[in-house]
$ cat model-v6.cif   # mmCIF, C-alpha atoms
data_run
#
loop_
_atom_site.group_PDB
_atom_site.id
_atom_site.type_symbol
_atom_site.label_atom_id
_atom_site.label_comp_id
_atom_site.auth_asym_id
_atom_site.auth_seq_id
_atom_site.Cartn_x
_atom_site.Cartn_y
_atom_site.Cartn_z
ATOM 1 C CA MET A 1 -17.891 -8.722 -26.944
ATOM 2 C CA THR A 2 -14.399 -10.140 -27.227
ATOM 3 C CA SER A 3 -12.804 -12.245 -24.579
ATOM 4 C CA GLN A 4 -9.531 -11.217 -23.024
ATOM 5 C CA SER A 5 -6.413 -13.217 -23.677
ATOM 6 C CA ALA A 6 -4.548 -14.750 -20.761
ATOM 7 C CA GLU A 7 -1.946 -11.969 -21.049
ATOM 8 C CA GLU A 8 -4.611 -9.255 -20.797
ATOM 9 C CA GLU A 9 -6.130 -10.894 -17.708
ATOM 10 C CA GLN A 10 -2.837 -10.815 -15.807
ATOM 11 C CA ALA A 11 -2.198 -8.087 -13.313
ATOM 12 C CA PRO A 12 -0.678 -5.046 -15.037
ATOM 13 C CA SER A 13 2.590 -5.416 -13.102
ATOM 14 C CA GLU A 14 2.983 -8.859 -14.627
ATOM 15 C CA GLN A 15 2.729 -7.289 -18.070
ATOM 16 C CA ILE A 16 5.657 -4.927 -17.487
ATOM 17 C CA ASN A 17 8.487 -5.839 -19.784
ATOM 18 C CA ILE A 18 11.890 -4.438 -18.948
ATOM 19 C CA PHE A 19 14.296 -4.391 -21.827
ATOM 20 C CA ASP A 20 17.673 -2.878 -22.454
ATOM 21 C CA GLU A 21 18.812 -1.322 -25.681
ATOM 22 C CA LYS A 22 22.201 -2.257 -27.014
ATOM 23 C CA GLY A 23 24.839 -0.328 -25.103
ATOM 24 C CA PHE A 24 22.456 0.629 -22.299
ATOM 25 C CA THR A 25 22.254 -1.238 -19.042
ATOM 26 C CA SER A 26 19.905 -0.490 -16.214
ATOM 27 C CA ASN A 27 20.182 -1.352 -12.570
ATOM 28 C CA ALA A 28 17.605 -2.446 -10.037
ATOM 29 C CA VAL A 29 17.046 1.116 -8.772
ATOM 30 C CA VAL A 30 16.226 2.405 -12.261
ATOM 31 C CA ILE A 31 13.903 -0.536 -12.882
ATOM 32 C CA ASP A 32 12.154 -0.159 -9.505
ATOM 33 C CA ARG A 33 11.707 3.583 -10.089
ATOM 34 C CA ALA A 34 10.174 3.037 -13.521
ATOM 35 C CA LYS A 35 7.968 0.219 -12.275
ATOM 36 C CA GLY A 36 6.778 2.238 -9.266
ATOM 37 C CA ILE A 37 5.924 5.277 -11.384
ATOM 38 C CA PHE A 38 4.098 3.117 -13.932
ATOM 39 C CA LEU A 39 2.106 1.246 -11.284
ATOM 40 C CA ALA A 40 1.148 4.461 -9.484
ATOM 41 C CA ALA A 41 -0.058 6.058 -12.714
ATOM 42 C CA ARG A 42 -2.058 2.944 -13.565
ATOM 43 C CA ALA A 43 -3.455 2.775 -10.027
ATOM 44 C CA SER A 44 -4.490 6.419 -10.252
ATOM 45 C CA SER A 45 -6.222 6.054 -13.597
ATOM 46 C CA ARG A 46 -8.075 2.941 -12.453
ATOM 47 C CA ASN A 47 -8.476 3.873 -8.779
ATOM 48 C CA ASP A 48 -6.860 0.516 -8.036
ATOM 49 C CA ALA A 49 -5.640 0.083 -4.466
ATOM 50 C CA THR A 50 -3.901 -3.211 -5.266
ATOM 51 C CA LEU A 51 -1.632 -1.577 -7.837
ATOM 52 C CA ALA A 52 -1.056 1.391 -5.538
ATOM 53 C CA ALA A 53 -0.026 -0.938 -2.721
ATOM 54 C CA GLU A 54 2.439 -2.609 -5.072
ATOM 55 C CA ALA A 55 3.874 0.746 -6.169
ATOM 56 C CA LEU A 56 4.197 2.239 -2.709
ATOM 57 C CA PRO A 57 7.237 0.372 -1.321
ATOM 58 C CA LEU A 58 9.143 0.828 -4.582
ATOM 59 C CA LEU A 59 8.497 4.564 -4.587
ATOM 60 C CA GLN A 60 9.129 5.015 -0.865
ATOM 61 C CA SER A 61 12.517 3.369 -1.197
ATOM 62 C CA ILE A 62 13.501 5.571 -4.139
ATOM 63 C CA ALA A 63 12.209 8.724 -2.394
ATOM 64 C CA GLU A 64 14.187 7.883 0.724
ATOM 65 C CA HIS A 65 17.415 7.763 -1.287
ATOM 66 C CA ASN A 66 16.590 10.637 -3.622
ATOM 67 C CA PRO A 67 14.495 13.265 -1.822
ATOM 68 C CA ASN A 68 14.547 15.597 -4.851
ATOM 69 C CA ASP A 69 12.963 13.287 -7.423
ATOM 70 C CA ASP A 70 9.757 15.146 -8.252
ATOM 71 C CA ALA A 71 8.462 12.352 -10.509
ATOM 72 C CA VAL A 72 8.718 9.852 -7.661
ATOM 73 C CA PHE A 73 6.951 12.150 -5.200
ATOM 74 C CA TYR A 74 4.205 12.850 -7.728
ATOM 75 C CA ALA A 75 3.745 9.098 -8.194
ATOM 76 C CA LEU A 76 3.696 8.653 -4.411
ATOM 77 C CA GLY A 77 0.822 11.127 -4.282
ATOM 78 C CA GLN A 78 -1.016 9.135 -6.924
ATOM 79 C CA ALA A 79 -0.473 5.887 -5.012
ATOM 80 C CA TYR A 80 -1.576 7.365 -1.685
ATOM 81 C CA ASN A 81 -4.624 8.878 -3.349
ATOM 82 C CA ALA A 82 -5.592 5.512 -4.851
ATOM 83 C CA LEU A 83 -5.166 4.012 -1.368
ATOM 84 C CA GLN A 84 -7.562 6.651 -0.008
ATOM 85 C CA GLN A 85 -4.870 8.250 2.145
ATOM 86 C CA PRO A 86 -5.507 11.916 1.276
ATOM 87 C CA ALA A 87 -3.202 13.470 3.899
ATOM 88 C CA GLU A 88 -0.245 11.446 2.609
ATOM 89 C CA ALA A 89 -1.134 12.269 -1.001
ATOM 90 C CA GLU A 90 -1.280 15.954 -0.127
ATOM 91 C CA ARG A 91 2.153 15.810 1.555
ATOM 92 C CA ALA A 92 3.686 14.041 -1.436
ATOM 93 C CA TRP A 93 2.257 16.564 -3.917
ATOM 94 C CA GLN A 94 3.340 19.458 -1.694
ATOM 95 C CA ARG A 95 6.857 17.991 -1.753
ATOM 96 C CA VAL A 96 6.722 17.975 -5.557
ATOM 97 C CA LEU A 97 6.024 21.713 -5.504
ATOM 98 C CA GLU A 98 8.888 22.304 -3.075
ATOM 99 C CA ILE A 99 11.181 20.583 -5.566
ATOM 100 C CA ARG A 100 9.642 22.078 -8.694
ATOM 101 C CA PRO A 101 7.102 24.871 -8.085
ATOM 102 C CA THR A 102 5.873 24.792 -11.702
ATOM 103 C CA HIS A 103 4.895 21.097 -11.742
ATOM 104 C CA GLU A 104 1.465 21.446 -13.349
ATOM 105 C CA GLU A 105 0.214 17.940 -12.555
ATOM 106 C CA ALA A 106 0.955 18.427 -8.849
ATOM 107 C CA VAL A 107 -0.851 21.771 -8.857
ATOM 108 C CA GLU A 108 -3.855 20.175 -10.566
ATOM 109 C CA SER A 109 -3.820 17.189 -8.206
ATOM 110 C CA LEU A 110 -3.776 19.477 -5.180
ATOM 111 C CA ALA A 111 -6.619 21.573 -6.598
ATOM 112 C CA ILE A 112 -8.721 18.455 -7.083
ATOM 113 C CA HIS A 113 -7.686 17.077 -3.693
ATOM 114 C CA PHE A 114 -8.731 20.240 -1.864
ATOM 115 C CA HIS A 115 -11.966 20.434 -3.842
ATOM 116 C CA GLU A 116 -12.814 16.845 -2.925
ATOM 117 C CA THR A 117 -11.975 17.441 0.743
ATOM 118 C CA LYS A 118 -14.188 20.558 0.760
ATOM 119 C CA ASN A 119 -11.316 22.942 1.437
ATOM 120 C CA LEU A 120 -12.541 25.387 -1.184
ATOM 121 C CA PRO A 121 -10.191 28.298 -0.381
ATOM 122 C CA GLN A 122 -7.184 26.008 -0.899
ATOM 123 C CA ALA A 123 -8.777 24.472 -3.990
ATOM 124 C CA PHE A 124 -9.324 27.939 -5.446
ATOM 125 C CA LYS A 125 -5.698 28.829 -4.732
ATOM 126 C CA TYR A 126 -4.458 25.876 -6.782
ATOM 127 C CA TYR A 127 -7.074 26.220 -9.532
ATOM 128 C CA LYS A 128 -6.048 29.847 -9.901
#
$ encode --input "model-v6.cif" --output "structure tokens"
Amino acid sequence: MTSQSAEEEQAPSEQINIFDEKGFTSNAVVIDRAKGIFLAARASSRNDATLAAEALPLLQSIAEHNPNDDAVFYALGQAYNALQQPAEAERAWQRVLEIRPTHEEAVESLAIHFHETKNLPQAFKYYK
């Protein structure tokens, strides 16, 4: 078994490196959006409430200013789900489908959500 380096032991958010390509500049909103989406995805894959809690305020701020950003609302659903707040996750994923009805990840997330909450008719609707 190999030991982890100090960099690998850091929290994932501390490992995020923001860089700009020549001729491209980013602003704080773009960076916060990218960081929030990344943290929510990582929180979802690891079921990590700490990362989700870090992502949440970033995503909420972006969503408040851009209510049609489906990627942000999908990430909000992931963060809420990792925080074990299923009603909020459901609302976020439903918002994704209002913005973009063909968002496959939101459909799948809702199917799983309804299956896990024992709402089988709704789960079947989304699986179908």
$ resolve_selection --input "model-v6.cif" --expression "the PyMOL selection byres ((chain A and resi 97-104) around 12)" --output "number ranges by chain"
A: 66-74, 77, 90-96, 105-111, 126-128
$ resolve_selection --input "model-v6.cif" --expression "the PyMOL selection byres ((chain A and resi 49-63) around 12)" --output "PyMOL selection string"
chain A and resi 11-14+28-48+64-85+88-89+92+95-96
$ write_last_selection --input "model-v6.cif" --atoms "C-alpha atoms" --output "PDB file, in the frame of the given file"
ATOM      1  CA  ALA A  11      -2.198  -8.087 -13.313  1.00  0.00           C
ATOM      2  CA  PRO A  12      -0.678  -5.046 -15.037  1.00  0.00           C
ATOM      3  CA  SER A  13       2.590  -5.416 -13.102  1.00  0.00           C
ATOM      4  CA  GLU A  14       2.983  -8.859 -14.627  1.00  0.00           C
ATOM      5  CA  ALA A  28      17.605  -2.446 -10.037  1.00  0.00           C
ATOM      6  CA  VAL A  29      17.046   1.116  -8.772  1.00  0.00           C
ATOM      7  CA  VAL A  30      16.226   2.405 -12.261  1.00  0.00           C
ATOM      8  CA  ILE A  31      13.903  -0.536 -12.882  1.00  0.00           C
ATOM      9  CA  ASP A  32      12.154  -0.159  -9.505  1.00  0.00           C
ATOM     10  CA  ARG A  33      11.707   3.583 -10.089  1.00  0.00           C
ATOM     11  CA  ALA A  34      10.174   3.037 -13.521  1.00  0.00           C
ATOM     12  CA  LYS A  35       7.968   0.219 -12.275  1.00  0.00           C
ATOM     13  CA  GLY A  36       6.778   2.238  -9.266  1.00  0.00           C
ATOM     14  CA  ILE A  37       5.924   5.277 -11.384  1.00  0.00           C
ATOM     15  CA  PHE A  38       4.098   3.117 -13.932  1.00  0.00           C
ATOM     16  CA  LEU A  39       2.106   1.246 -11.284  1.00  0.00           C
ATOM     17  CA  ALA A  40       1.148   4.461  -9.484  1.00  0.00           C
ATOM     18  CA  ALA A  41      -0.058   6.058 -12.714  1.00  0.00           C
ATOM     19  CA  ARG A  42      -2.058   2.944 -13.565  1.00  0.00           C
ATOM     20  CA  ALA A  43      -3.455   2.775 -10.027  1.00  0.00           C
ATOM     21  CA  SER A  44      -4.490   6.419 -10.252  1.00  0.00           C
ATOM     22  CA  SER A  45      -6.222   6.054 -13.597  1.00  0.00           C
ATOM     23  CA  ARG A  46      -8.075   2.941 -12.453  1.00  0.00           C
ATOM     24  CA  ASN A  47      -8.476   3.873  -8.779  1.00  0.00           C
ATOM     25  CA  ASP A  48      -6.860   0.516  -8.036  1.00  0.00           C
ATOM     26  CA  GLU A  64      14.187   7.883   0.724  1.00  0.00           C
ATOM     27  CA  HIS A  65      17.415   7.763  -1.287  1.00  0.00           C
ATOM     28  CA  ASN A  66      16.590  10.637  -3.622  1.00  0.00           C
ATOM     29  CA  PRO A  67      14.495  13.265  -1.822  1.00  0.00           C
ATOM     30  CA  ASN A  68      14.547  15.597  -4.851  1.00  0.00           C
ATOM     31  CA  ASP A  69      12.963  13.287  -7.423  1.00  0.00           C
ATOM     32  CA  ASP A  70       9.757  15.146  -8.252  1.00  0.00           C
ATOM     33  CA  ALA A  71       8.462  12.352 -10.509  1.00  0.00           C
ATOM     34  CA  VAL A  72       8.718   9.852  -7.661  1.00  0.00           C
ATOM     35  CA  PHE A  73       6.951  12.150  -5.200  1.00  0.00           C
ATOM     36  CA  TYR A  74       4.205  12.850  -7.728  1.00  0.00           C
ATOM     37  CA  ALA A  75       3.745   9.098  -8.194  1.00  0.00           C
ATOM     38  CA  LEU A  76       3.696   8.653  -4.411  1.00  0.00           C
ATOM     39  CA  GLY A  77       0.822  11.127  -4.282  1.00  0.00           C
ATOM     40  CA  GLN A  78      -1.016   9.135  -6.924  1.00  0.00           C
ATOM     41  CA  ALA A  79      -0.473   5.887  -5.012  1.00  0.00           C
ATOM     42  CA  TYR A  80      -1.576   7.365  -1.685  1.00  0.00           C
ATOM     43  CA  ASN A  81      -4.624   8.878  -3.349  1.00  0.00           C
ATOM     44  CA  ALA A  82      -5.592   5.512  -4.851  1.00  0.00           C
ATOM     45  CA  LEU A  83      -5.166   4.012  -1.368  1.00  0.00           C
ATOM     46  CA  GLN A  84      -7.562   6.651  -0.008  1.00  0.00           C
ATOM     47  CA  GLN A  85      -4.870   8.250   2.145  1.00  0.00           C
ATOM     48  CA  GLU A  88      -0.245  11.446   2.609  1.00  0.00           C
ATOM     49  CA  ALA A  89      -1.134  12.269  -1.001  1.00  0.00           C
ATOM     50  CA  ALA A  92       3.686  14.041  -1.436  1.00  0.00           C
ATOM     51  CA  ARG A  95       6.857  17.991  -1.753  1.00  0.00           C
ATOM     52  CA  VAL A  96       6.722  17.975  -5.557  1.00  0.00           C
TER      53      VAL A  96
END
$ axis_aligned_box --input "model-v6.cif" --around "stretch 72-75 of chain A" --padding-each-side "6 Å" --output "AutoDock Vina command-line options"
--center_x 6.2 --center_y 11.0 --center_z -6.7 --size_x 17.0 --size_y 15.8 --size_z 15.0
